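Asker: Before I ask anything, let me first share the structure, which is written out below as structure tokens.
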Amino acid sequence: MSDAGVSGTGTTGTDATNAGVSGTGTGGTLQDARAALRERQGPGARYDSPQAPARELAWARLGTAYIARCLDDLTDSQLDGPSLLPGWTRRHVVAHVGYNARALSRLVEWAGTGTETPMYASPEQRDAEILRGATLPARALRSLFVHSAAHLDVEWRDLPGPAWDARVRTAQGRVVPARETAWMRAREVWTHAVDLDGGASVRDFPPDLLDALLADVLRAWERRGERVDLTLAPPGAERVVVGTGGPTVTGAPSALVRWLTGRGAHGVTSDSGGLPVVPRWF
């Protein structure tokens, strides 16, 4: 999966490997087939560095394909409709996801060159960019999403192994290794696919991604010093005690993640009656 490209970029790593196997015709080893394939593809072919965060890149690429399908299912006129984010239409969500890919590309470029290229010049510039992007013609808005995602994927593939650990700064001011960009993108594309309100569901998320999102919410609270006491109790799974415990909140992992990320409380209940108020995710 780590060799899979974004939707529309061409042959996936798995397809390429299979093509190499079928093309040998000699019953050679898988390693021979891969070597033959790479020779045919030439020096222009791109592969992730062995030091790249394979799991997070797989989530990001799968999520990019997922939100691309959601976007394709929406007509141009439906883009004008409201999203699940207060004050934003679907146009705002698509513009944000597109410009987020460009911003993360700048962080990857920073890691590869050593020249500081921040995600955004300022919070005001970020907001203005989204507002301007939301006014683009539908075709241009869709192109922004596709091309920015492809550009980010190229930046990831071209990043040398040691550069994945180079330190860059997020828009929130956190200094993180460049490998964090894969996780940052993964959570963006999956959660904003739901925000498009076009049929996507947190129930579609891979189970290990749900676990990672839940952990990300808890880390965000801890970084900000938010005091939260509750117990998360997904049926049939281990409970997660936050702080000193507090009320027990029950729901499927997907329902708990939807609630914790601020996207609705359907399917979530509390033994205290009403659900506790929890801090924001971002």
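Identifiers in the structure tokens: chain A, B, ... in order shown; residue index from 1 per chain; ligand index from 1 in order shown.
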Enumerate as JSON, numbers by chain all residues of segment 164-233 of chain A assigned to strand (DSSP E or B) by DSSP on the backbone, naming them with the chain letters and numbers the document uses.
Answerer: {"A": [167, 168, 169, 175, 176, 177, 230, 231, 232, 233]}
Asker: Now that the selection is made, can you save its residues with N, CA, C and O atoms as a short mmCIF file (atom, residue, chain, number, x, y, z; two decimals), in the first residue's frame?
Answerer:
data_model
loop_
_atom_site.label_atom_id
_atom_site.label_comp_id
_atom_site.auth_asym_id
_atom_site.auth_seq_id
_atom_site.Cartn_x
_atom_site.Cartn_y
_atom_site.Cartn_z
N ARG A 167 13.36 18.30 10.84
CA ARG A 167 12.36 19.00 11.65
C ARG A 167 11.73 20.15 10.87
O ARG A 167 12.43 20.96 10.25
N VAL A 168 10.41 20.21 10.91
CA VAL A 168 9.65 21.28 10.27
C VAL A 168 8.62 21.78 11.27
O VAL A 168 8.38 21.18 12.31
N ARG A 169 7.99 22.89 10.96
CA ARG A 169 7.06 23.51 11.89
C ARG A 169 5.66 23.54 11.29
O ARG A 169 5.45 24.02 10.17
N VAL A 175 6.92 21.78 16.34
CA VAL A 175 8.07 21.33 15.57
C VAL A 175 8.04 19.80 15.54
O VAL A 175 8.07 19.15 16.58
N VAL A 176 7.95 19.25 14.33
CA VAL A 176 7.75 17.81 14.17
C VAL A 176 8.67 17.30 13.07
O VAL A 176 9.13 18.07 12.23
N PRO A 177 8.94 15.99 13.04
CA PRO A 177 9.68 15.43 11.90
C PRO A 177 8.80 15.45 10.65
O PRO A 177 7.57 15.39 10.74
N LEU A 230 -12.92 10.90 31.76
CA LEU A 230 -13.99 10.04 31.27
C LEU A 230 -13.42 8.69 30.90
O LEU A 230 -12.21 8.52 30.82
N THR A 231 -14.29 7.73 30.68
CA THR A 231 -13.90 6.40 30.24
C THR A 231 -14.61 6.08 28.94
O THR A 231 -15.84 6.20 28.86
N LEU A 232 -13.86 5.70 27.93
CA LEU A 232 -14.42 5.33 26.64
C LEU A 232 -14.57 3.81 26.61
O LEU A 232 -13.60 3.08 26.87
N ALA A 233 -15.78 3.35 26.30
CA ALA A 233 -16.06 1.92 26.40
C ALA A 233 -16.68 1.39 25.11
O ALA A 233 -17.90 1.24 25.01
#
Asker: Could you pull out the alpha helix (DSSP H) residues of segment 89-270 of chain A, going by DSSP on the backbone, and write them as a PyMOL selection string?
Answerer: chain A and resi 90-113+123-133+138-158+180-195+207-223+253-260
Asker: Could the residues of segment 67-147 of chain A that have an atom at most 10 Å from segment 159-164 of chain A be listed as a tab-separated table, each with its closest atom pair and the distance in Å to one decimal, counting only C-alpha atoms and ordered by chain and ascending residue number?
Answerer:
residue	atom	partner	partner_atom	distance
A:Val108	CA	A:Leu159	CA	7.4
A:Glu109	CA	A:Leu159	CA	8.1
A:Trp110	CA	A:Ala163	CA	9.3
A:Ala111	CA	A:Ala163	CA	5.6
A:Gly112	CA	A:Ala163	CA	5.6
A:Thr113	CA	A:Ala163	CA	8.7
A:Gly114	CA	A:Ala163	CA	9.0
Asker: One decimal, Å: what's the distance from atom CA of Glu226 of chain A over to atom CA of Pro279 of chain A, could you say?
Answerer: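 Result for atom CA of Glu226 of chain A versus atom CA of Pro279 of chain A: 7.2 Å, one decimal.
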Asker: Give me the residues within 12 Å of Tyr99 of chain A as a PyMOL selection string, counting only C-alpha atoms and dropping any in the same chain fewer than 6 places off.
Answerer: chain A and resi 92-93+105-106+119-120+125-134+141-149+151-152+185+188-189
Asker: For Ala150 of chain A, which of A:Ala60, A:Ala200, A:Ala171, A:Ala138 is the closest residue, counting only C-alpha atoms?
Answerer: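 Checking each of A:Ala60, A:Ala200, A:Ala171, A:Ala138 against Ala150 of chain A, counting only C-alpha atoms, the winner is A:Ala60.
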Asker: Could you tell me how far atom CA of Thr135 of chain A lies from atom CA of His96 of chain A, in Å and to one decimal?
Answerer: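 Computed distance, atom CA of Thr135 of chain A to atom CA of His96 of chain A, equals 12.1 Å.
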Asker: For atom CA of Thr261 of chain A and atom CA of Phe282 of chain A, quote the distance in Å rounded to one decimal.
Answerer: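 Answer for the atom CA of Thr261 of chain A to atom CA of Phe282 of chain A separation: 8.6 Å.
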